[in-house]
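What follows is data_6.pdb (PDB, C-alpha atoms and all ligand atoms).
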ATOM      1  CA  MET A   1     -33.322 -10.396  92.015  1.00  0.00           C
ATOM      2  CA  LYS A   2     -30.399  -9.049  94.040  1.00  0.00           C
ATOM      3  CA  PHE A   3     -31.588  -7.417  97.267  1.00  0.00           C
ATOM      4  CA  PHE A   4     -28.316  -6.758  99.046  1.00  0.00           C
ATOM      5  CA  SER A   5     -25.941  -5.723  96.339  1.00  0.00           C
ATOM      6  CA  THR A   6     -25.323  -2.379  94.624  1.00  0.00           C
ATOM      7  CA  PRO A   7     -22.906  -1.542  91.773  1.00  0.00           C
ATOM      8  CA  CYS A   8     -20.161   0.013  93.907  1.00  0.00           C
ATOM      9  CA  GLN A   9     -20.222  -2.812  96.459  1.00  0.00           C
ATOM     10  CA  GLU A  10     -19.936  -5.498  93.785  1.00  0.00           C
ATOM     11  CA  VAL A  11     -16.536  -4.343  92.537  1.00  0.00           C
ATOM     12  CA  THR A  12     -13.690  -6.039  94.397  1.00  0.00           C
ATOM     13  CA  VAL A  13     -10.879  -6.637  91.877  1.00  0.00           C
ATOM     14  CA  ASP A  14      -8.039  -4.326  92.999  1.00  0.00           C
ATOM     15  CA  SER A  15      -5.037  -6.163  91.599  1.00  0.00           C
ATOM     16  CA  ILE A  16      -4.489  -7.497  88.078  1.00  0.00           C
ATOM     17  CA  VAL A  17      -1.678  -8.677  85.813  1.00  0.00           C
ATOM     18  CA  LEU A  18      -1.483  -7.012  82.410  1.00  0.00           C
ATOM     19  CA  ARG A  19       0.927  -8.028  79.647  1.00  0.00           C
ATOM     20  CA  ASP A  20       0.340  -5.627  76.802  1.00  0.00           C
ATOM     21  CA  PRO A  21      -2.374  -3.183  77.812  1.00  0.00           C
ATOM     22  CA  VAL A  22      -3.829  -0.020  76.333  1.00  0.00           C
ATOM     23  CA  PHE A  23      -5.416   2.471  78.752  1.00  0.00           C
ATOM     24  CA  ILE A  24      -8.145   5.002  77.987  1.00  0.00           C
ATOM     25  CA  SER A  25     -10.509   7.136  80.056  1.00  0.00           C
ATOM     26  CA  ASP A  26     -13.222   9.799  79.987  1.00  0.00           C
ATOM     27  CA  LEU A  27     -14.794   9.026  76.634  1.00  0.00           C
ATOM     28  CA  HIS A  28     -18.091  10.364  78.013  1.00  0.00           C
ATOM     29  CA  LEU A  29     -20.034   8.422  75.385  1.00  0.00           C
ATOM     30  CA  ASN A  30     -23.712   9.196  75.108  1.00  0.00           C
ATOM     31  CA  GLY A  31     -26.431   8.419  72.611  1.00  0.00           C
ATOM     32  CA  ASP A  32     -26.522  12.047  71.350  1.00  0.00           C
ATOM     33  CA  ASP A  33     -22.904  12.047  70.178  1.00  0.00           C
ATOM     34  CA  SER A  34     -22.549   9.503  67.396  1.00  0.00           C
ATOM     35  CA  ASP A  35     -19.248  11.053  66.233  1.00  0.00           C
ATOM     36  CA  THR A  36     -17.421  10.074  69.438  1.00  0.00           C
ATOM     37  CA  ILE A  37     -19.120   6.658  69.530  1.00  0.00           C
ATOM     38  CA  ASP A  38     -17.918   6.028  65.952  1.00  0.00           C
ATOM     39  CA  GLY A  39     -14.433   7.210  66.932  1.00  0.00           C
ATOM     40  CA  PHE A  40     -14.391   4.737  69.799  1.00  0.00           C
ATOM     41  CA  LEU A  41     -15.600   1.836  67.615  1.00  0.00           C
ATOM     42  CA  HIS A  42     -12.829   2.650  65.166  1.00  0.00           C
ATOM     43  CA  PHE A  43     -10.271   2.779  68.006  1.00  0.00           C
ATOM     44  CA  LEU A  44     -11.341  -0.706  69.157  1.00  0.00           C
ATOM     45  CA  ASP A  45     -10.672  -2.154  65.688  1.00  0.00           C
ATOM     46  CA  ASP A  46      -7.653  -0.083  64.852  1.00  0.00           C
ATOM     47  CA  VAL A  47      -5.635   0.314  68.090  1.00  0.00           C
ATOM     48  CA  ALA A  48      -7.075  -1.745  70.956  1.00  0.00           C
ATOM     49  CA  SER A  49      -7.185  -4.925  68.869  1.00  0.00           C
ATOM     50  CA  GLN A  50      -3.365  -4.723  68.551  1.00  0.00           C
ATOM     51  CA  HIS A  51      -3.067  -5.107  72.334  1.00  0.00           C
ATOM     52  CA  GLN A  52      -3.929  -7.985  74.652  1.00  0.00           C
ATOM     53  CA  GLU A  53      -5.886  -5.910  77.125  1.00  0.00           C
ATOM     54  CA  LEU A  54      -8.032  -2.775  77.065  1.00  0.00           C
ATOM     55  CA  VAL A  55      -8.403  -0.926  80.370  1.00  0.00           C
ATOM     56  CA  ILE A  56     -11.022   1.852  80.628  1.00  0.00           C
ATOM     57  CA  LEU A  57     -10.375   4.037  83.683  1.00  0.00           C
ATOM     58  CA  GLY A  58     -13.830   5.504  84.214  1.00  0.00           C
ATOM     59  CA  ASP A  59     -16.369   7.768  82.544  1.00  0.00           C
ATOM     60  CA  LEU A  60     -16.683   5.554  79.498  1.00  0.00           C
ATOM     61  CA  PHE A  61     -20.242   6.913  79.522  1.00  0.00           C
ATOM     62  CA  ASP A  62     -21.405  10.440  80.229  1.00  0.00           C
ATOM     63  CA  TYR A  63     -23.884   8.921  82.668  1.00  0.00           C
ATOM     64  CA  TRP A  64     -25.137   5.485  83.640  1.00  0.00           C
ATOM     65  CA  VAL A  65     -28.439   5.248  85.458  1.00  0.00           C
ATOM     66  CA  GLY A  66     -28.574   1.490  85.842  1.00  0.00           C
ATOM     67  CA  ASP A  67     -28.002  -1.663  83.829  1.00  0.00           C
ATOM     68  CA  ASP A  68     -31.591  -1.625  82.579  1.00  0.00           C
ATOM     69  CA  ALA A  69     -30.508   1.280  80.321  1.00  0.00           C
ATOM     70  CA  ILE A  70     -28.047  -0.892  78.368  1.00  0.00           C
ATOM     71  CA  GLU A  71     -30.168  -0.643  75.213  1.00  0.00           C
ATOM     72  CA  THR A  72     -29.574   3.105  74.916  1.00  0.00           C
ATOM     73  CA  VAL A  73     -25.958   2.349  73.959  1.00  0.00           C
ATOM     74  CA  SER A  74     -26.283  -1.190  72.578  1.00  0.00           C
ATOM     75  CA  VAL A  75     -23.898  -0.484  69.691  1.00  0.00           C
ATOM     76  CA  VAL A  76     -21.091   0.224  72.197  1.00  0.00           C
ATOM     77  CA  ILE A  77     -21.931  -2.813  74.357  1.00  0.00           C
ATOM     78  CA  GLU A  78     -21.914  -5.107  71.299  1.00  0.00           C
ATOM     79  CA  ALA A  79     -18.541  -3.775  70.153  1.00  0.00           C
ATOM     80  CA  LEU A  80     -17.047  -4.299  73.636  1.00  0.00           C
ATOM     81  CA  LYS A  81     -18.501  -7.812  73.772  1.00  0.00           C
ATOM     82  CA  LYS A  82     -16.892  -8.608  70.411  1.00  0.00           C
ATOM     83  CA  TYR A  83     -13.553  -7.187  71.600  1.00  0.00           C
ATOM     84  CA  SER A  84     -13.671  -9.190  74.852  1.00  0.00           C
ATOM     85  CA  GLU A  85     -14.090 -12.461  72.960  1.00  0.00           C
ATOM     86  CA  LYS A  86     -10.456 -12.271  71.818  1.00  0.00           C
ATOM     87  CA  HIS A  87      -8.940  -9.821  74.322  1.00  0.00           C
ATOM     88  CA  SER A  88      -9.285  -8.944  77.987  1.00  0.00           C
ATOM     89  CA  LEU A  89     -11.424  -5.991  78.937  1.00  0.00           C
ATOM     90  CA  TYR A  90     -11.278  -4.148  82.257  1.00  0.00           C
ATOM     91  CA  ILE A  91     -13.562  -1.268  83.208  1.00  0.00           C
ATOM     92  CA  MET A  92     -13.386   1.023  86.247  1.00  0.00           C
ATOM     93  CA  HIS A  93     -16.186   3.263  87.457  1.00  0.00           C
ATOM     94  CA  GLY A  94     -15.854   7.013  86.910  1.00  0.00           C
ATOM     95  CA  ASN A  95     -17.809   9.735  88.657  1.00  0.00           C
ATOM     96  CA  ARG A  96     -20.393   9.642  85.846  1.00  0.00           C
ATOM     97  CA  ASP A  97     -20.879   5.917  85.340  1.00  0.00           C
ATOM     98  CA  PHE A  98     -20.403   4.470  88.848  1.00  0.00           C
ATOM     99  CA  MET A  99     -23.799   2.761  88.597  1.00  0.00           C
ATOM    100  CA  MET A 100     -22.469   0.225  86.079  1.00  0.00           C
ATOM    101  CA  GLY A 101     -23.252  -3.122  87.648  1.00  0.00           C
ATOM    102  CA  GLU A 102     -22.769  -6.855  87.182  1.00  0.00           C
ATOM    103  CA  ASP A 103     -25.211  -7.108  84.298  1.00  0.00           C
ATOM    104  CA  PHE A 104     -23.335  -4.404  82.411  1.00  0.00           C
ATOM    105  CA  GLY A 105     -20.023  -6.197  83.011  1.00  0.00           C
ATOM    106  CA  LYS A 106     -21.466  -9.474  81.775  1.00  0.00           C
ATOM    107  CA  ALA A 107     -23.089  -7.868  78.727  1.00  0.00           C
ATOM    108  CA  CYS A 108     -19.748  -6.554  77.476  1.00  0.00           C
ATOM    109  CA  GLY A 109     -17.511  -9.313  78.841  1.00  0.00           C
ATOM    110  CA  ALA A 110     -15.644  -6.955  81.162  1.00  0.00           C
ATOM    111  CA  THR A 111     -14.028  -7.421  84.548  1.00  0.00           C
ATOM    112  CA  MET A 112     -15.003  -4.445  86.688  1.00  0.00           C
ATOM    113  CA  LEU A 113     -12.110  -2.878  88.595  1.00  0.00           C
ATOM    114  CA  ALA A 114     -12.074  -1.304  92.041  1.00  0.00           C
ATOM    115  CA  ASP A 115     -10.703   2.243  92.344  1.00  0.00           C
ATOM    116  CA  PRO A 116      -7.771   2.301  92.975  1.00  0.00           C
ATOM    117  CA  CYS A 117      -6.371  -0.855  91.429  1.00  0.00           C
ATOM    118  CA  VAL A 118      -2.775  -1.994  90.915  1.00  0.00           C
ATOM    119  CA  THR A 119      -1.483  -3.735  87.820  1.00  0.00           C
ATOM    120  CA  SER A 120       1.794  -5.577  87.851  1.00  0.00           C
ATOM    121  CA  ASN A 121       3.941  -7.077  85.162  1.00  0.00           C
ATOM    122  CA  GLN A 122       7.534  -8.268  85.507  1.00  0.00           C
ATOM    123  CA  GLY A 123       7.793  -6.606  88.912  1.00  0.00           C
ATOM    124  CA  VAL A 124       6.654  -3.211  87.662  1.00  0.00           C
ATOM    125  CA  ARG A 125       3.586  -1.973  89.514  1.00  0.00           C
ATOM    126  CA  ILE A 126       1.305   0.728  88.128  1.00  0.00           C
ATOM    127  CA  LEU A 127      -1.411   2.355  90.196  1.00  0.00           C
ATOM    128  CA  LEU A 128      -4.671   2.883  88.287  1.00  0.00           C
ATOM    129  CA  SER A 129      -7.499   5.179  89.289  1.00  0.00           C
ATOM    130  CA  HIS A 130     -10.189   7.322  87.723  1.00  0.00           C
ATOM    131  CA  GLY A 131      -8.583  10.107  89.750  1.00  0.00           C
ATOM    132  CA  ASP A 132     -11.444  11.858  91.512  1.00  0.00           C
ATOM    133  CA  ILE A 133     -10.619  10.226  94.878  1.00  0.00           C
ATOM    134  CA  TRP A 134      -7.513  12.453  94.899  1.00  0.00           C
ATOM    135  CA  CYS A 135      -9.398  15.716  94.282  1.00  0.00           C
ATOM    136  CA  THR A 136      -9.459  16.276  98.038  1.00  0.00           C
ATOM    137  CA  ASP A 137      -9.326  20.099  97.897  1.00  0.00           C
ATOM    138  CA  ASP A 138     -12.933  19.996  96.757  1.00  0.00           C
ATOM    139  CA  GLU A 139     -14.624  18.951  99.995  1.00  0.00           C
ATOM    140  CA  VAL A 140     -18.147  19.432  98.695  1.00  0.00           C
ATOM    141  CA  TYR A 141     -17.402  17.066  95.831  1.00  0.00           C
ATOM    142  CA  GLN A 142     -15.899  14.425  98.138  1.00  0.00           C
ATOM    143  CA  LYS A 143     -18.966  14.546 100.370  1.00  0.00           C
ATOM    144  CA  VAL A 144     -21.283  13.945  97.427  1.00  0.00           C
ATOM    145  CA  ARG A 145     -18.952  11.211  96.151  1.00  0.00           C
ATOM    146  CA  ARG A 146     -19.132   9.318  99.426  1.00  0.00           C
ATOM    147  CA  LYS A 147     -22.915   9.592  99.481  1.00  0.00           C
ATOM    148  CA  VAL A 148     -23.594   8.372  95.951  1.00  0.00           C
ATOM    149  CA  ARG A 149     -21.136   5.480  96.273  1.00  0.00           C
ATOM    150  CA  GLY A 150     -22.829   4.329  99.442  1.00  0.00           C
ATOM    151  CA  PHE A 151     -25.195   1.400  99.681  1.00  0.00           C
ATOM    152  CA  TRP A 152     -28.362   3.296 100.607  1.00  0.00           C
ATOM    153  CA  TRP A 153     -28.177   5.925  97.923  1.00  0.00           C
ATOM    154  CA  GLN A 154     -27.534   3.305  95.221  1.00  0.00           C
ATOM    155  CA  TRP A 155     -30.165   0.908  96.525  1.00  0.00           C
ATOM    156  CA  THR A 156     -32.791   3.661  96.650  1.00  0.00           C
ATOM    157  CA  MET A 157     -31.839   5.092  93.260  1.00  0.00           C
ATOM    158  CA  LEU A 158     -32.094   1.741  91.483  1.00  0.00           C
ATOM    159  CA  ARG A 159     -35.654   1.368  92.726  1.00  0.00           C
ATOM    160  CA  LEU A 160     -36.816   4.512  90.922  1.00  0.00           C
ATOM    161  CA  PRO A 161     -38.391   4.069  87.480  1.00  0.00           C
ATOM    162  CA  LEU A 162     -35.904   4.314  84.590  1.00  0.00           C
ATOM    163  CA  ARG A 163     -37.491   7.528  83.242  1.00  0.00           C
ATOM    164  CA  LYS A 164     -37.082   9.192  86.632  1.00  0.00           C
ATOM    165  CA  ARG A 165     -33.421   8.128  86.870  1.00  0.00           C
ATOM    166  CA  LEU A 166     -32.725   9.549  83.406  1.00  0.00           C
ATOM    167  CA  ASP A 167     -34.187  12.877  84.590  1.00  0.00           C
ATOM    168  CA  VAL A 168     -31.970  12.801  87.695  1.00  0.00           C
ATOM    169  CA  ALA A 169     -28.905  12.142  85.502  1.00  0.00           C
ATOM    170  CA  GLU A 170     -29.759  14.976  83.093  1.00  0.00           C
ATOM    171  CA  ASN A 171     -30.169  17.373  86.027  1.00  0.00           C
ATOM    172  CA  ALA A 172     -26.892  16.255  87.595  1.00  0.00           C
ATOM    173  CA  ARG A 173     -25.146  16.758  84.257  1.00  0.00           C
ATOM    174  CA  ALA A 174     -26.446  20.328  83.934  1.00  0.00           C
ATOM    175  CA  LYS A 175     -25.568  21.073  87.548  1.00  0.00           C
ATOM    176  CA  SER A 176     -22.066  19.648  87.150  1.00  0.00           C
ATOM    177  CA  LYS A 177     -21.478  21.908  84.136  1.00  0.00           C
ATOM    178  CA  ALA A 178     -22.552  24.964  86.153  1.00  0.00           C
ATOM    179  CA  THR A 179     -20.451  23.985  89.199  1.00  0.00           C
ATOM    180  CA  LYS A 180     -17.414  23.380  87.012  1.00  0.00           C
ATOM    181  CA  GLN A 181     -17.666  26.958  85.728  1.00  0.00           C
ATOM    182  CA  ASP A 182     -17.922  28.304  89.281  1.00  0.00           C
ATOM    183  CA  THR A 183     -15.167  26.237  90.892  1.00  0.00           C
ATOM    184  CA  GLU A 184     -11.531  27.249  90.514  1.00  0.00           C
ATOM    185  CA  ALA A 185      -9.672  24.884  88.209  1.00  0.00           C
ATOM    186  CA  SER A 186      -6.942  24.214  90.783  1.00  0.00           C
ATOM    187  CA  LYS A 187      -9.529  22.971  93.275  1.00  0.00           C
ATOM    188  CA  MET A 188     -10.751  20.388  90.784  1.00  0.00           C
ATOM    189  CA  ASP A 189      -7.291  18.977  90.059  1.00  0.00           C
ATOM    190  CA  VAL A 190      -5.858  16.001  91.929  1.00  0.00           C
ATOM    191  CA  VAL A 191      -3.743  16.739  95.001  1.00  0.00           C
ATOM    192  CA  ASN A 192      -0.265  15.394  94.292  1.00  0.00           C
ATOM    193  CA  ALA A 193       0.440  14.565  97.951  1.00  0.00           C
ATOM    194  CA  GLU A 194      -2.650  12.312  98.029  1.00  0.00           C
ATOM    195  CA  VAL A 195      -1.524  10.497  94.882  1.00  0.00           C
ATOM    196  CA  VAL A 196       1.945   9.947  96.376  1.00  0.00           C
ATOM    197  CA  LYS A 197       0.395   8.620  99.598  1.00  0.00           C
ATOM    198  CA  THR A 198      -1.608   5.962  97.735  1.00  0.00           C
ATOM    199  CA  ALA A 199       1.301   5.135  95.416  1.00  0.00           C
ATOM    200  CA  LEU A 200       3.573   4.491  98.424  1.00  0.00           C
ATOM    201  CA  GLN A 201       0.929   2.336 100.129  1.00  0.00           C
ATOM    202  CA  LYS A 202       0.560   0.249  96.978  1.00  0.00           C
ATOM    203  CA  HIS A 203       4.284   0.160  96.182  1.00  0.00           C
ATOM    204  CA  ALA A 204       3.594   1.623  92.745  1.00  0.00           C
ATOM    205  CA  HIS A 205       6.266   2.759  90.281  1.00  0.00           C
ATOM    206  CA  ALA A 206       3.889   4.905  88.210  1.00  0.00           C
ATOM    207  CA  VAL A 207       0.328   6.210  88.299  1.00  0.00           C
ATOM    208  CA  ILE A 208      -2.219   6.405  85.478  1.00  0.00           C
ATOM    209  CA  HIS A 209      -5.501   8.278  85.873  1.00  0.00           C
ATOM    210  CA  GLY A 210      -8.104  10.366  84.041  1.00  0.00           C
ATOM    211  CA  HIS A 211     -10.940  12.575  85.280  1.00  0.00           C
ATOM    212  CA  THR A 212      -9.219  15.986  85.166  1.00  0.00           C
ATOM    213  CA  HIS A 213      -9.195  16.145  81.347  1.00  0.00           C
ATOM    214  CA  GLN A 214      -5.672  17.570  81.513  1.00  0.00           C
ATOM    215  CA  PRO A 215      -3.485  15.150  79.561  1.00  0.00           C
ATOM    216  CA  SER A 216       0.047  15.418  80.895  1.00  0.00           C
ATOM    217  CA  ILE A 217       2.912  13.718  82.670  1.00  0.00           C
ATOM    218  CA  VAL A 218       3.380  15.161  86.150  1.00  0.00           C
ATOM    219  CA  GLN A 219       6.490  14.370  88.149  1.00  0.00           C
ATOM    220  CA  LEU A 220       5.558  13.550  91.739  1.00  0.00           C
ATOM    221  CA  ASP A 221       8.372  12.189  93.815  1.00  0.00           C
ATOM    222  CA  GLY A 222      11.749  11.170  92.402  1.00  0.00           C
ATOM    223  CA  PRO A 223      11.072   8.768  89.548  1.00  0.00           C
ATOM    224  CA  LEU A 224       7.339   8.580  90.335  1.00  0.00           C
ATOM    225  CA  ASN A 225       5.167  10.198  87.663  1.00  0.00           C
ATOM    226  CA  ARG A 226       1.461  10.425  87.151  1.00  0.00           C
ATOM    227  CA  TYR A 227       0.302   9.978  83.569  1.00  0.00           C
ATOM    228  CA  VAL A 228      -2.982  11.743  82.892  1.00  0.00           C
ATOM    229  CA  LEU A 229      -5.392  10.557  80.214  1.00  0.00           C
ATOM    230  CA  SER A 230      -7.417  13.022  78.178  1.00  0.00           C
ATOM    231  CA  ASP A 231     -11.164  13.130  77.614  1.00  0.00           C
ATOM    232  CA  TRP A 232     -12.393  12.255  74.126  1.00  0.00           C
ATOM    233  CA  LEU A 233     -14.241  14.270  71.510  1.00  0.00           C
ATOM    234  CA  PHE A 234     -14.728  13.471  67.848  1.00  0.00           C
ATOM    235  CA  LYS A 235     -16.320  15.762  65.229  1.00  0.00           C
ATOM    236  CA  ASP A 236     -17.029  14.840  61.615  1.00  0.00           C
ATOM    237  CA  GLY A 237     -14.981  11.666  61.776  1.00  0.00           C
ATOM    238  CA  ARG A 238     -11.903  13.326  63.284  1.00  0.00           C
ATOM    239  CA  ALA A 239     -10.493  13.339  66.793  1.00  0.00           C
ATOM    240  CA  VAL A 240     -10.666  16.813  68.354  1.00  0.00           C
ATOM    241  CA  ARG A 241      -9.361  15.460  71.677  1.00  0.00           C
ATOM    242  CA  GLY A 242      -8.372  12.038  72.906  1.00  0.00           C
ATOM    243  CA  ASN A 243      -5.330  10.057  73.909  1.00  0.00           C
ATOM    244  CA  TYR A 244      -4.363   6.632  75.172  1.00  0.00           C
ATOM    245  CA  ILE A 245      -1.492   5.049  77.048  1.00  0.00           C
ATOM    246  CA  VAL A 246       0.536   1.984  76.152  1.00  0.00           C
ATOM    247  CA  ILE A 247       3.471   0.438  78.001  1.00  0.00           C
ATOM    248  CA  SER A 248       6.891   0.462  76.407  1.00  0.00           C
ATOM    249  CA  ASP A 249      10.054  -0.673  78.246  1.00  0.00           C
ATOM    250  CA  ASN A 250       7.934  -0.993  81.408  1.00  0.00           C
ATOM    251  CA  LYS A 251       6.977   2.695  81.223  1.00  0.00           C
ATOM    252  CA  PRO A 252       3.664   4.336  80.307  1.00  0.00           C
ATOM    253  CA  VAL A 253       3.705   6.271  77.025  1.00  0.00           C
ATOM    254  CA  LEU A 254       1.001   8.811  76.096  1.00  0.00           C
ATOM    255  CA  LYS A 255      -0.215   8.702  72.495  1.00  0.00           C
ATOM    256  CA  ASN A 256      -2.672  10.916  70.663  1.00  0.00           C
ATOM    257  CA  ILE A 257      -5.542   9.442  68.716  1.00  0.00           C
ATOM    258  CA  GLY A 258      -5.702   9.919  64.975  1.00  0.00           C
TER
HETATM  259 MN    MN B 301     -14.591  11.916  85.779  1.00  0.00          MN
END

Starting from the file, give its structure as structure tokens.
Ligand code: MN
Amino acid sequence: MKFFSTPCQEVTVDSIVLRDPVFISDLHLNGDDSDTIDGFLHFLDDVASQHQELVILGDLFDYWVGDDAIETVSVVIEALKKYSEKHSLYIMHGNRDFMMGEDFGKACGATMLADPCVTSNQGVRILLSHGDIWCTDDEVYQKVRRKVRGFWWQWTMLRLPLRKRLDVAENARAKSKATKQDTEASKMDVVNAEVVKTALQKHAHAVIHGHTHQPSIVQLDGPLNRYVLSDWLFKDGRAVRGNYIVISDNKPVLKNIG
């Protein structure tokens, strides 16, 4: 039993080398949406398997209440485990699944990434983040973020019974939906100046993130762009939304699924 460790404190890998990666984010998988889960399983076989590394930049799951809930999405965990036997798998926490811990990482064969993290290959450095750390116009959100990523909140939460934690997650999900409708869209977007600040600190040539669900390429500063991943939604075996990023000629390229 681990007494002095919580999911967000365990993650320390903030620099990796990637050769031929594919990046995705914000799949928001949950047991009630088998269409999107099937779409993801298909993507693993069809697209991700063609690349050496799969990097998931947060919110793979719509919520994660603790590693003792792994069984609720065992089909996804098994598919990731199978993928990681022949490829490398990296997973970053999002604002929905930041309680993914060591047991989760082991179960799917993933290396958990700190946020932000830098990947380098042949001298080209790309800054990776879920993205919500840069939504600094939303002060209320940042306050909550700091609290729930802190040791005491996580330690206390993980000691509640699983059923209770699932209730907390369902409530938070409903509340987040309501807040999203009330908050101006611009306030929920990333602040470009904050992204540039981190990119300069990390000597990055490009930035890839998710979270905002606004797939785009945004020019920041000279040649520095941020490449924004979409959220995912599948209906009746077809992709309604969803994209991924690959690297071509040392530059990120956005591609639509399906
Ligand atoms: Mn998010």

- Task: Please identify every polymer residue within 10 Å of ligand MN 301 (chain B), using only C-alpha atoms and all ligand atoms, and present the set as a list in words.
- Result: Ser25, Asp26, Leu27, His28, Leu57, Gly58, Asp59, Leu60, Phe61, Asp62, His93, Gly94, Asn95, Arg96, Asp97, Phe98, His130, Gly131, Asp132, His209, Gly210, His211, Thr212, His213 and Asp231 of chain A

- Query: Using all atoms listed in the file, which residues sit within 8 Å of segment 214-220 of chain A once same-chain residues fewer than 5 positions away are excluded, as a PyMOL selection string?
  - Reply: chain A and resi 192+196+225-230+243

Atoms kept (C-alpha atoms) for selection, written as a short mmCIF file (atom, residue, chain, number, x, y, z; two decimals), in the frame of the given file:
data_model
loop_
_atom_site.label_atom_id
_atom_site.label_comp_id
_atom_site.auth_asym_id
_atom_site.auth_seq_id
_atom_site.Cartn_x
_atom_site.Cartn_y
_atom_site.Cartn_z
CA ASN A 192 -0.26 15.39 94.29
CA VAL A 196 1.94 9.95 96.38
CA ASN A 225 5.17 10.20 87.66
CA ARG A 226 1.46 10.42 87.15
CA TYR A 227 0.30 9.98 83.57
CA VAL A 228 -2.98 11.74 82.89
CA LEU A 229 -5.39 10.56 80.21
CA SER A 230 -7.42 13.02 78.18
CA ASN A 243 -5.33 10.06 73.91
#

- Can you work out which one of A:Gly123, A:Gly150, A:Pro116, A:Pro161 has the shortest atom-to-atom distance to Val195 of chain A, counting only C-alpha atoms?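 When distances to Val195 of chain A are compared using only C-alpha atoms, the smallest one comes from A:Pro116.
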
- For this file, the PyMOL selection byres (((chain A and resi 112) around 9) and not hetatm) selects which residues, as a PyMOL selection string? chain A and resi 10-13+89-93+100-102+105+110-111+113-114

- Task: Kindly give the distance, in Å, that separates atom CA of Trp232 of chain A and atom CA of Thr36 of chain A, rounded to a single decimal.
- Result: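 Answer for the atom CA of Trp232 of chain A to atom CA of Thr36 of chain A separation: 7.2 Å.
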
So that I can check the surroundings of segment 133-135 of chain A, please list as a short mmCIF file (atom, residue, chain, number, x, y, z; two decimals) with C-alpha atoms, keeping the file's coordinate frame every protein, DNA and RNA residue that reaches within 9 Å of it, counting only C-alpha atoms and ignoring chain neighbours fewer than 4 positions away.
data_model
loop_
_atom_site.label_atom_id
_atom_site.label_comp_id
_atom_site.auth_asym_id
_atom_site.auth_seq_id
_atom_site.Cartn_x
_atom_site.Cartn_y
_atom_site.Cartn_z
CA ASP A 115 -10.70 2.24 92.34
CA PRO A 116 -7.77 2.30 92.98
CA SER A 129 -7.50 5.18 89.29
CA GLU A 139 -14.62 18.95 100.00
CA TYR A 141 -17.40 17.07 95.83
CA GLN A 142 -15.90 14.42 98.14
CA ARG A 145 -18.95 11.21 96.15
CA LYS A 187 -9.53 22.97 93.28
CA MET A 188 -10.75 20.39 90.78
CA ASP A 189 -7.29 18.98 90.06
CA VAL A 190 -5.86 16.00 91.93
CA VAL A 191 -3.74 16.74 95.00
CA ASN A 192 -0.26 15.39 94.29
CA ALA A 193 0.44 14.56 97.95
CA GLU A 194 -2.65 12.31 98.03
CA VAL A 195 -1.52 10.50 94.88
#

- Tell me which residues the PyMOL selection byres (((chain A and resi 255) around 6) and not hetatm) grabs here, as a PyMOL selection string. chain A and resi 243-245+254+256

Keeping only C-alpha atoms, write the selected residues as an mmCIF file, keeping the file's coordinate frame.
data_model
loop_
_atom_site.group_PDB
_atom_site.id
_atom_site.type_symbol
_atom_site.label_atom_id
_atom_site.label_comp_id
_atom_site.auth_asym_id
_atom_site.auth_seq_id
_atom_site.Cartn_x
_atom_site.Cartn_y
_atom_site.Cartn_z
ATOM 1 C CA ASN A 243 -5.330 10.057 73.909
ATOM 2 C CA TYR A 244 -4.363 6.632 75.172
ATOM 3 C CA ILE A 245 -1.492 5.049 77.048
ATOM 4 C CA LEU A 254 1.001 8.811 76.096
ATOM 5 C CA ASN A 256 -2.672 10.916 70.663
#

- Item | Reference answer for the PyMOL selection byres (((chain A and resi 47) around 12) and not hetatm), as a ChimeraX atom specification | /A:21-24,39-46,48-54,83,243-246,255-258

- Item | Nearest to Ser88 of chain A, chosen from A:Glu170, A:Arg19, A:Ser176, A:Pro223, with only C-alpha atoms counted in the distances | A:Arg19

- Task: Considering all atoms listed in the file, state which residue in the set A:Lys180, A:Ser5, A:Ile126, A:Asp167 is at the smallest distance from Asn250 of chain A.
- Result: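 Residue with the minimum atom-to-atom distance to Asn250 of chain A: A:Ile126.
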
Near Lys82 of chain A, counting only C-alpha atoms, which residues have an atom at most 9 Å away, once you skip same-chain residues fewer than 4 positions from it, shown as an mmCIF file with C-alpha atoms, keeping the file's coordinate frame?
data_model
loop_
_atom_site.group_PDB
_atom_site.id
_atom_site.type_symbol
_atom_site.label_atom_id
_atom_site.label_comp_id
_atom_site.auth_asym_id
_atom_site.auth_seq_id
_atom_site.Cartn_x
_atom_site.Cartn_y
_atom_site.Cartn_z
ATOM 1 C CA ILE A 77 -21.931 -2.813 74.357
ATOM 2 C CA GLU A 78 -21.914 -5.107 71.299
ATOM 3 C CA LYS A 86 -10.456 -12.271 71.818
ATOM 4 C CA HIS A 87 -8.940 -9.821 74.322
ATOM 5 C CA CYS A 108 -19.748 -6.554 77.476
ATOM 6 C CA GLY A 109 -17.511 -9.313 78.841
#

- Query: Looking at all atoms listed in the file, which of A:Leu128, A:Ala172, A:Ala107, A:Leu166 is the one that sits closest to Val144 of chain A?
  - Reply: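 Among A:Leu128, A:Ala172, A:Ala107, A:Leu166, it is A:Ala172 that comes nearest to Val144 of chain A.
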
- Atom pair atom CA of Ala204 of chain A / atom CA of Cys117 of chain A: separation (Å): 10.4 Å
